[in-house]
Amino acid sequence: MTDTSNQTPVPVTILTGFLGAGKTTLLNYILTERHGHRIAVIENEFGEVNIDSGLVLTSEEEIYEMTNGCICCTASVRQDLIEVLQKLMARREKFDHILVETTGIADPTPVAAAFFVDAEVARQVSLDGIVTLVDAKHIGQHLDDPDLHGVDNQAVDQIVAADRLIVNKVDLVDEPALAFIEGRMRGLNATAEIIRSSYAKVELEKILGIGAFDLSKTLAADEQFLDVHHHHHEHDPGIETMSFVDPGSFDREKLEAWLRAFLAEHGDDVFRLKGIVAMEGDTRRHVIQGVHRLMEIRSADPWGKQPRSSRIVLIGKKLDRAAVTAGLRGCLVG
Ligand SMILES: Nc1nc2c(ncn2[C@@H]2O[C@H](COP(=O)(O)OP(=O)(O)OP(=O)(O)O)[C@@H](O)[C@H]2O)c(=O)[nH]1
């Protein structure tokens with residue numbers, strides 16, 4: 001290993017927020033904005049097939065994906081995180097900030113603790129801050145989820161742990177609703193600065209390089225913070241994921257009509273819908289994005305030399321896999 005003893009540690013930002021809050025949107029904004037930071041990104045995704053890497057705009061930054069489990073609850077995945085960090089540190093001249101995007105159902109606290117537990121990593125990186133995105137339209141139903149008895153509510157954990165809270169999607173709610181949400185957030189976290197945004201367009205100086213995370217303060221509030229075993233917790237066991245993968249192409253109108261009807265009926269239980277699909281008679285990839293009942297399908301770049309195929313992931317509760325699979329299959333051409 002290279003001698004890093006006299007180099008200044010690289011700041012790390014943990015980016016968290018419930019499913020669909022806008023983490024990838026923020027990441028894309030950061031990666032395309034000229035802000036002078038060179039950022040390496042580590043992404044952890046929850047889902048059977050990887051969609052997010054297809055949604056992150058290609059850039060010159062270094063992007064690592066970790067899709068083998070949830071970073072907050074599996075020790076082996078946190079060990080992977082440490083290994084990814086060590087690999088990154090071998091090329092530390094290439095970047096000056098690291099961003100770790102957690103899954104939407106992660107508790108950021110054990111992820112933050114991982115940075116202090118490994119002595120080698122602890123010397124080379126410093127936790128700059130935990131930034132939590134909040135979906136202004138949908139956060140209420142997750143904070144109040146009546147199914148969560150005896151298990152942790154990650155939407156709450158994420159707000160509690162934040163150094164900065166970004167209330168995103170302000171375009172979808174009115175001022176009284178915003179004030180109400182911000183009041184609830186203040187009740188959970190008295191000190192984090194609250195920043196409003198639409199499509200996660202925030203002043204990056206407010207979230208990067210803020211030096212907000214204070215280990216002594218955190219230990220004062222949670223003396224078991226560094227005890228990784230203490231962080232064992234239960235995700236909402238009702239949350240499941242299913243994926244649909246097919247080499248075929250969809251009839252666009254049929255697919256859109258089917259998805260809209262499906263979400264109209266089951267939208268409360270569908271926390272997240274994502275897809276990259278092929279449409280019959282169209283050379284472009286199409287991206288499907290859904291959060292509860294809100295859904296959009298837009299065309300993206302052409303498939304080019306890559307084989308056409310369709311991947312759709314659903315994350316939610318009470319997913320009827322057989323019905324969803326049959327419904328989607330019925331929208332394929334031929
Ligand atoms: N109207 C509106 N839509 C938004 C805003 N920010 C993001 N979205 C949309 O919300 C959807 C989810 O955004 P993502 O950035 O993929 O959310 P995410 O947090 O990365 O989602 P997961 O990775 O599933 O946890 C997409 O369709 C976005 O275009 C916003 O401020 N306003």
# chains A, B, ... in the order shown; residues from 1 in each chain; ligands from 1
$ residues_near_ligand --ligand "ligand 1" --cutoff "6 Å" --atoms "only C-alpha atoms and all ligand atoms" --output "PyMOL selection string"
chain A and resi 18-25+103-104+168-169+171-172+198-200+272+289-290
$ residues_around --residues "Gln158 (chain A)" --least-positions-apart "3" --cutoff "8 Å" --atoms "only C-alpha atoms" --output "list in words"
Thr16, Gly17, Phe18, Ala106, Asp107, Pro108, Thr132, Gln154, Ala155, Ala161 and Ala162 of chain A
$ atom_distance --atom1 "CA of Asp214 (chain A)" --atom2 "CA of Val10 (chain A)"
15.3 Å
$ select_by_dssp --residues "region 175-316 of chain A" --states "strand (DSSP E or B)" --output "PyMOL selection string"
chain A and resi 193-196+240-246+250+270-279+284-291+294-302+310-316
$ write_last_selection --atoms "C-alpha atoms" --output "mmCIF file, in the first residue's frame"
data_model
loop_
_atom_site.group_PDB
_atom_site.id
_atom_site.type_symbol
_atom_site.label_atom_id
_atom_site.label_comp_id
_atom_site.auth_asym_id
_atom_site.auth_seq_id
_atom_site.Cartn_x
_atom_site.Cartn_y
_atom_site.Cartn_z
ATOM 1 C CA GLU A 193 -30.050 22.926 7.585
ATOM 2 C CA ILE A 194 -33.152 22.479 5.417
ATOM 3 C CA ILE A 195 -32.746 23.314 1.727
ATOM 4 C CA ARG A 196 -35.614 23.311 -0.780
ATOM 5 C CA GLU A 240 -39.867 -6.667 -1.785
ATOM 6 C CA THR A 241 -38.466 -6.269 -5.231
ATOM 7 C CA MET A 242 -39.236 -7.971 -8.504
ATOM 8 C CA SER A 243 -37.801 -7.611 -11.957
ATOM 9 C CA PHE A 244 -38.914 -8.318 -15.481
ATOM 10 C CA VAL A 245 -36.255 -8.933 -18.111
ATOM 11 C CA ASP A 246 -37.070 -9.775 -21.720
ATOM 12 C CA PHE A 250 -42.892 -3.274 -26.091
ATOM 13 C CA VAL A 270 -45.547 0.475 -5.503
ATOM 14 C CA PHE A 271 -42.840 2.598 -3.893
ATOM 15 C CA ARG A 272 -40.673 2.573 -6.962
ATOM 16 C CA LEU A 273 -40.814 1.540 -10.610
ATOM 17 C CA LYS A 274 -37.794 1.852 -12.895
ATOM 18 C CA GLY A 275 -37.069 0.522 -16.318
ATOM 19 C CA ILE A 276 -34.936 0.723 -19.408
ATOM 20 C CA VAL A 277 -36.907 -0.784 -22.274
ATOM 21 C CA ALA A 278 -37.032 -1.252 -26.032
ATOM 22 C CA MET A 279 -40.101 0.017 -27.910
ATOM 23 C CA ARG A 284 -33.892 4.564 -28.827
ATOM 24 C CA ARG A 285 -33.826 3.270 -25.289
ATOM 25 C CA HIS A 286 -36.829 4.318 -23.249
ATOM 26 C CA VAL A 287 -36.604 5.099 -19.556
ATOM 27 C CA ILE A 288 -39.531 4.434 -17.234
ATOM 28 C CA GLN A 289 -39.607 6.221 -13.887
ATOM 29 C CA GLY A 290 -42.342 5.797 -11.324
ATOM 30 C CA VAL A 291 -42.858 6.771 -7.674
ATOM 31 C CA LEU A 294 -46.522 9.302 -10.694
ATOM 32 C CA MET A 295 -44.971 7.764 -13.773
ATOM 33 C CA GLU A 296 -43.217 8.949 -16.883
ATOM 34 C CA ILE A 297 -41.772 7.251 -19.936
ATOM 35 C CA ARG A 298 -39.228 9.133 -21.985
ATOM 36 C CA SER A 299 -36.996 8.306 -24.883
ATOM 37 C CA ALA A 300 -33.253 8.353 -24.316
ATOM 38 C CA ASP A 301 -30.163 7.591 -26.395
ATOM 39 C CA PRO A 302 -30.208 4.972 -29.204
ATOM 40 C CA SER A 310 -36.090 -4.581 -21.633
ATOM 41 C CA ARG A 311 -35.550 -4.488 -17.871
ATOM 42 C CA ILE A 312 -38.139 -3.284 -15.389
ATOM 43 C CA VAL A 313 -37.786 -3.275 -11.595
ATOM 44 C CA LEU A 314 -40.573 -2.807 -9.065
ATOM 45 C CA ILE A 315 -39.988 -2.187 -5.364
ATOM 46 C CA GLY A 316 -42.903 -2.173 -2.987
#
$ closest_residue --among "A:Thr218, A:Asn28, A:Thr109, A:Thr102" --to "Glu43 (chain A)" --atoms "only C-alpha atoms"
A:Thr102
$ atom_distance --atom1 "CA of Val324 (chain A)" --atom2 "CA of Ser309 (chain A)"
17.8 Å
$ atom_distance --atom1 "CA of Ile130 (chain A)" --atom2 "CA of Gly267 (chain A)"
29.6 Å
$ closest_residue --among "A:Lys254, A:Arg91, A:Arg123, A:Lys206" --to "Thr13 (chain A)" --atoms "only C-alpha atoms"
A:Lys206
$ select_by_dssp --residues "region 70-317 of chain A" --states "alpha helix (DSSP H)" --output "PyMOL selection string"
chain A and resi 75-89+108-117+119-124+139-143+154-161+175-188+215-221+252-266
$ residues_around --residues "Ala212 (chain A)" --least-positions-apart "3" --cutoff "10 Å" --atoms "only C-alpha atoms" --output "ChimeraX atom specification"
/A:13,127-131,162-164,192,207-209,215
$ write_last_selection --atoms "N, CA and C atoms" --output "mmCIF file, in the first residue's frame"
data_model
loop_
_atom_site.group_PDB
_atom_site.id
_atom_site.type_symbol
_atom_site.label_atom_id
_atom_site.label_comp_id
_atom_site.auth_asym_id
_atom_site.auth_seq_id
_atom_site.Cartn_x
_atom_site.Cartn_y
_atom_site.Cartn_z
ATOM 1 N N THR A 13 -19.092 12.234 1.169
ATOM 2 C CA THR A 13 -20.477 12.613 1.444
ATOM 3 C C THR A 13 -21.345 11.380 1.294
ATOM 4 N N LEU A 127 -15.436 11.826 6.893
ATOM 5 C CA LEU A 127 -16.850 11.963 6.545
ATOM 6 C C LEU A 127 -17.221 13.442 6.557
ATOM 7 N N ASP A 128 -17.586 13.947 5.391
ATOM 8 C CA ASP A 128 -17.906 15.369 5.257
ATOM 9 C C ASP A 128 -19.318 15.657 5.739
ATOM 10 N N GLY A 129 -20.235 14.759 5.395
ATOM 11 C CA GLY A 129 -21.602 14.999 5.831
ATOM 12 C C GLY A 129 -22.555 13.952 5.311
ATOM 13 N N ILE A 130 -23.715 13.879 5.935
ATOM 14 C CA ILE A 130 -24.791 13.007 5.461
ATOM 15 C C ILE A 130 -25.867 13.927 4.898
ATOM 16 N N VAL A 131 -26.158 13.749 3.621
ATOM 17 C CA VAL A 131 -27.151 14.579 2.944
ATOM 18 C C VAL A 131 -28.366 13.711 2.656
ATOM 19 N N ALA A 162 -29.349 13.084 9.252
ATOM 20 C CA ALA A 162 -28.855 14.048 8.260
ATOM 21 C C ALA A 162 -28.112 15.240 8.847
ATOM 22 N N ASP A 163 -27.077 15.684 8.112
ATOM 23 C CA ASP A 163 -26.454 16.980 8.390
ATOM 24 C C ASP A 163 -27.093 18.069 7.533
ATOM 25 N N ARG A 164 -27.588 17.672 6.367
ATOM 26 C CA ARG A 164 -28.339 18.581 5.490
ATOM 27 C C ARG A 164 -29.576 17.844 5.019
ATOM 28 N N ALA A 192 -30.151 20.064 11.417
ATOM 29 C CA ALA A 192 -29.728 20.045 10.012
ATOM 30 C C ALA A 192 -30.332 21.214 9.251
ATOM 31 N N ILE A 207 -23.910 21.546 0.183
ATOM 32 C CA ILE A 207 -23.937 20.120 0.529
ATOM 33 C C ILE A 207 -22.585 19.416 0.400
ATOM 34 N N LEU A 208 -21.650 20.012 -0.328
ATOM 35 C CA LEU A 208 -20.327 19.379 -0.470
ATOM 36 C C LEU A 208 -19.273 20.238 0.202
ATOM 37 N N GLY A 209 -18.312 19.563 0.846
ATOM 38 C CA GLY A 209 -17.243 20.329 1.489
ATOM 39 C C GLY A 209 -17.760 21.140 2.662
ATOM 40 N N LEU A 215 -17.707 13.570 14.698
ATOM 41 C CA LEU A 215 -17.735 12.277 15.382
ATOM 42 C C LEU A 215 -18.002 12.433 16.876
#
$ residues_around --residues "Val156 (chain A)" --least-positions-apart "3" --cutoff "8 Å" --atoms "only C-alpha atoms" --output "PDB file with N, CA and C atoms, in the first residue's frame"
ATOM      1  N   LEU A 143     -43.441   8.266   6.517  1.00  0.00           N
ATOM      2  CA  LEU A 143     -43.222   8.546   7.947  1.00  0.00           C
ATOM      3  C   LEU A 143     -44.333   7.916   8.778  1.00  0.00           C
ATOM      4  N   ASN A 153     -38.109   2.363  10.818  1.00  0.00           N
ATOM      5  CA  ASN A 153     -38.640   3.139   9.709  1.00  0.00           C
ATOM      6  C   ASN A 153     -37.462   3.906   9.098  1.00  0.00           C
ATOM      7  N   ILE A 159     -33.790  10.877   8.031  1.00  0.00           N
ATOM      8  CA  ILE A 159     -33.954  12.289   8.403  1.00  0.00           C
ATOM      9  C   ILE A 159     -33.204  12.584   9.703  1.00  0.00           C
ATOM     10  N   VAL A 160     -33.298  11.653  10.642  1.00  0.00           N
ATOM     11  CA  VAL A 160     -32.633  11.841  11.932  1.00  0.00           C
ATOM     12  C   VAL A 160     -31.119  11.984  11.759  1.00  0.00           C
ATOM     13  N   LEU A 188     -37.896  15.850  13.914  1.00  0.00           N
ATOM     14  CA  LEU A 188     -37.018  14.684  13.916  1.00  0.00           C
ATOM     15  C   LEU A 188     -35.549  15.078  13.978  1.00  0.00           C
TER      16      LEU A 188
END
$ closest_residue --among "A:Asn189, A:Ser249, A:Gln141, A:Gln306" --to "Asp268 (chain A)" --atoms "only C-alpha atoms"
A:Gln141
$ closest_residue --among "A:Val100, A:Ala179, A:Ala220, A:Val173" --to "Leu15 (chain A)" --atoms "only C-alpha atoms"
A:Val100
$ decode --residues "region 116-156 of chain A" --atoms "N, CA and C atoms" --output "short mmCIF file (atom, residue, chain, number, x, y, z; two decimals), in the first residue's frame"
data_model
loop_
_atom_site.label_atom_id
_atom_site.label_comp_id
_atom_site.auth_asym_id
_atom_site.auth_seq_id
_atom_site.Cartn_x
_atom_site.Cartn_y
_atom_site.Cartn_z
N PHE A 116 -15.24 4.83 10.05
CA PHE A 116 -14.38 5.01 11.22
C PHE A 116 -13.85 3.70 11.76
N VAL A 117 -14.49 2.61 11.36
CA VAL A 117 -14.17 1.32 11.95
C VAL A 117 -12.86 0.76 11.40
N ASP A 118 -12.61 0.94 10.12
CA ASP A 118 -11.38 0.45 9.52
C ASP A 118 -10.31 1.54 9.67
N ALA A 119 -9.25 1.19 10.40
CA ALA A 119 -8.27 2.22 10.75
C ALA A 119 -7.60 2.81 9.52
N GLU A 120 -7.31 1.96 8.55
CA GLU A 120 -6.64 2.42 7.34
C GLU A 120 -7.51 3.42 6.59
N VAL A 121 -8.80 3.05 6.43
CA VAL A 121 -9.74 3.93 5.74
C VAL A 121 -9.94 5.22 6.54
N ALA A 122 -10.04 5.06 7.86
CA ALA A 122 -10.30 6.22 8.71
C ALA A 122 -9.20 7.27 8.56
N ARG A 123 -7.97 6.81 8.29
CA ARG A 123 -6.87 7.76 8.14
C ARG A 123 -6.94 8.50 6.80
N GLN A 124 -7.52 7.83 5.80
CA GLN A 124 -7.47 8.38 4.44
C GLN A 124 -8.70 9.16 4.01
N VAL A 125 -9.82 8.89 4.66
CA VAL A 125 -11.02 9.65 4.28
C VAL A 125 -11.62 10.29 5.53
N SER A 126 -12.38 11.35 5.32
CA SER A 126 -13.10 11.93 6.46
C SER A 126 -14.54 12.15 6.02
N LEU A 127 -15.44 11.83 6.89
CA LEU A 127 -16.85 11.96 6.55
C LEU A 127 -17.22 13.44 6.56
N ASP A 128 -17.59 13.95 5.39
CA ASP A 128 -17.91 15.37 5.26
C ASP A 128 -19.32 15.66 5.74
N GLY A 129 -20.23 14.76 5.40
CA GLY A 129 -21.60 15.00 5.83
C GLY A 129 -22.56 13.95 5.31
N ILE A 130 -23.71 13.88 5.93
CA ILE A 130 -24.79 13.01 5.46
C ILE A 130 -25.87 13.93 4.90
N VAL A 131 -26.16 13.75 3.62
CA VAL A 131 -27.15 14.58 2.94
C VAL A 131 -28.37 13.71 2.66
N THR A 132 -29.52 14.11 3.15
CA THR A 132 -30.74 13.32 2.96
C THR A 132 -31.73 14.07 2.10
N LEU A 133 -32.15 13.41 1.04
CA LEU A 133 -33.18 13.97 0.17
C LEU A 133 -34.54 13.50 0.65
N VAL A 134 -35.49 14.40 0.61
CA VAL A 134 -36.85 14.08 1.05
C VAL A 134 -37.81 14.40 -0.09
N ASP A 135 -38.66 13.46 -0.42
CA ASP A 135 -39.66 13.67 -1.48
C ASP A 135 -40.84 14.41 -0.86
N ALA A 136 -40.99 15.69 -1.21
CA ALA A 136 -42.00 16.52 -0.56
C ALA A 136 -43.41 15.96 -0.76
N LYS A 137 -43.63 15.28 -1.86
CA LYS A 137 -44.99 14.79 -2.13
C LYS A 137 -45.31 13.49 -1.38
N HIS A 138 -44.30 12.62 -1.25
CA HIS A 138 -44.61 11.28 -0.73
C HIS A 138 -44.08 10.97 0.68
N ILE A 139 -43.30 11.89 1.27
CA ILE A 139 -42.65 11.52 2.54
C ILE A 139 -43.67 11.22 3.63
N GLY A 140 -44.78 11.95 3.63
CA GLY A 140 -45.77 11.78 4.71
C GLY A 140 -46.21 10.35 4.86
N GLN A 141 -46.53 9.70 3.75
CA GLN A 141 -47.06 8.34 3.86
C GLN A 141 -46.00 7.34 4.33
N HIS A 142 -44.71 7.66 4.12
CA HIS A 142 -43.67 6.75 4.63
C HIS A 142 -43.37 7.00 6.11
N LEU A 143 -43.44 8.27 6.52
CA LEU A 143 -43.22 8.55 7.95
C LEU A 143 -44.33 7.92 8.78
N ASP A 144 -45.53 7.86 8.20
CA ASP A 144 -46.69 7.37 8.95
C ASP A 144 -47.06 5.94 8.61
N ASP A 145 -46.17 5.21 7.92
CA ASP A 145 -46.53 3.88 7.45
C ASP A 145 -47.08 2.99 8.57
N PRO A 146 -48.37 2.64 8.52
CA PRO A 146 -48.97 1.88 9.61
C PRO A 146 -48.47 0.44 9.69
N ASP A 147 -47.84 -0.06 8.61
CA ASP A 147 -47.35 -1.45 8.63
C ASP A 147 -46.07 -1.61 9.44
N LEU A 148 -45.44 -0.47 9.79
CA LEU A 148 -44.14 -0.57 10.43
C LEU A 148 -44.27 -0.67 11.95
N HIS A 149 -44.54 -1.88 12.42
CA HIS A 149 -44.57 -2.10 13.86
C HIS A 149 -43.42 -3.01 14.23
N GLY A 150 -42.56 -2.58 15.13
CA GLY A 150 -41.47 -3.43 15.58
C GLY A 150 -40.30 -3.48 14.61
N VAL A 151 -40.38 -2.76 13.52
CA VAL A 151 -39.21 -2.68 12.64
C VAL A 151 -38.86 -1.20 12.47
N ASP A 152 -37.65 -0.95 12.00
CA ASP A 152 -37.20 0.43 11.87
C ASP A 152 -37.88 1.09 10.67
N ASN A 153 -38.11 2.36 10.82
CA ASN A 153 -38.64 3.14 9.71
C ASN A 153 -37.46 3.91 9.10
N GLN A 154 -36.98 3.43 7.96
CA GLN A 154 -35.78 4.02 7.36
C GLN A 154 -36.00 5.47 6.92
N ALA A 155 -37.24 5.81 6.58
CA ALA A 155 -37.51 7.19 6.18
C ALA A 155 -37.22 8.12 7.37
N VAL A 156 -37.55 7.63 8.58
CA VAL A 156 -37.26 8.41 9.80
C VAL A 156 -35.76 8.41 10.08
#
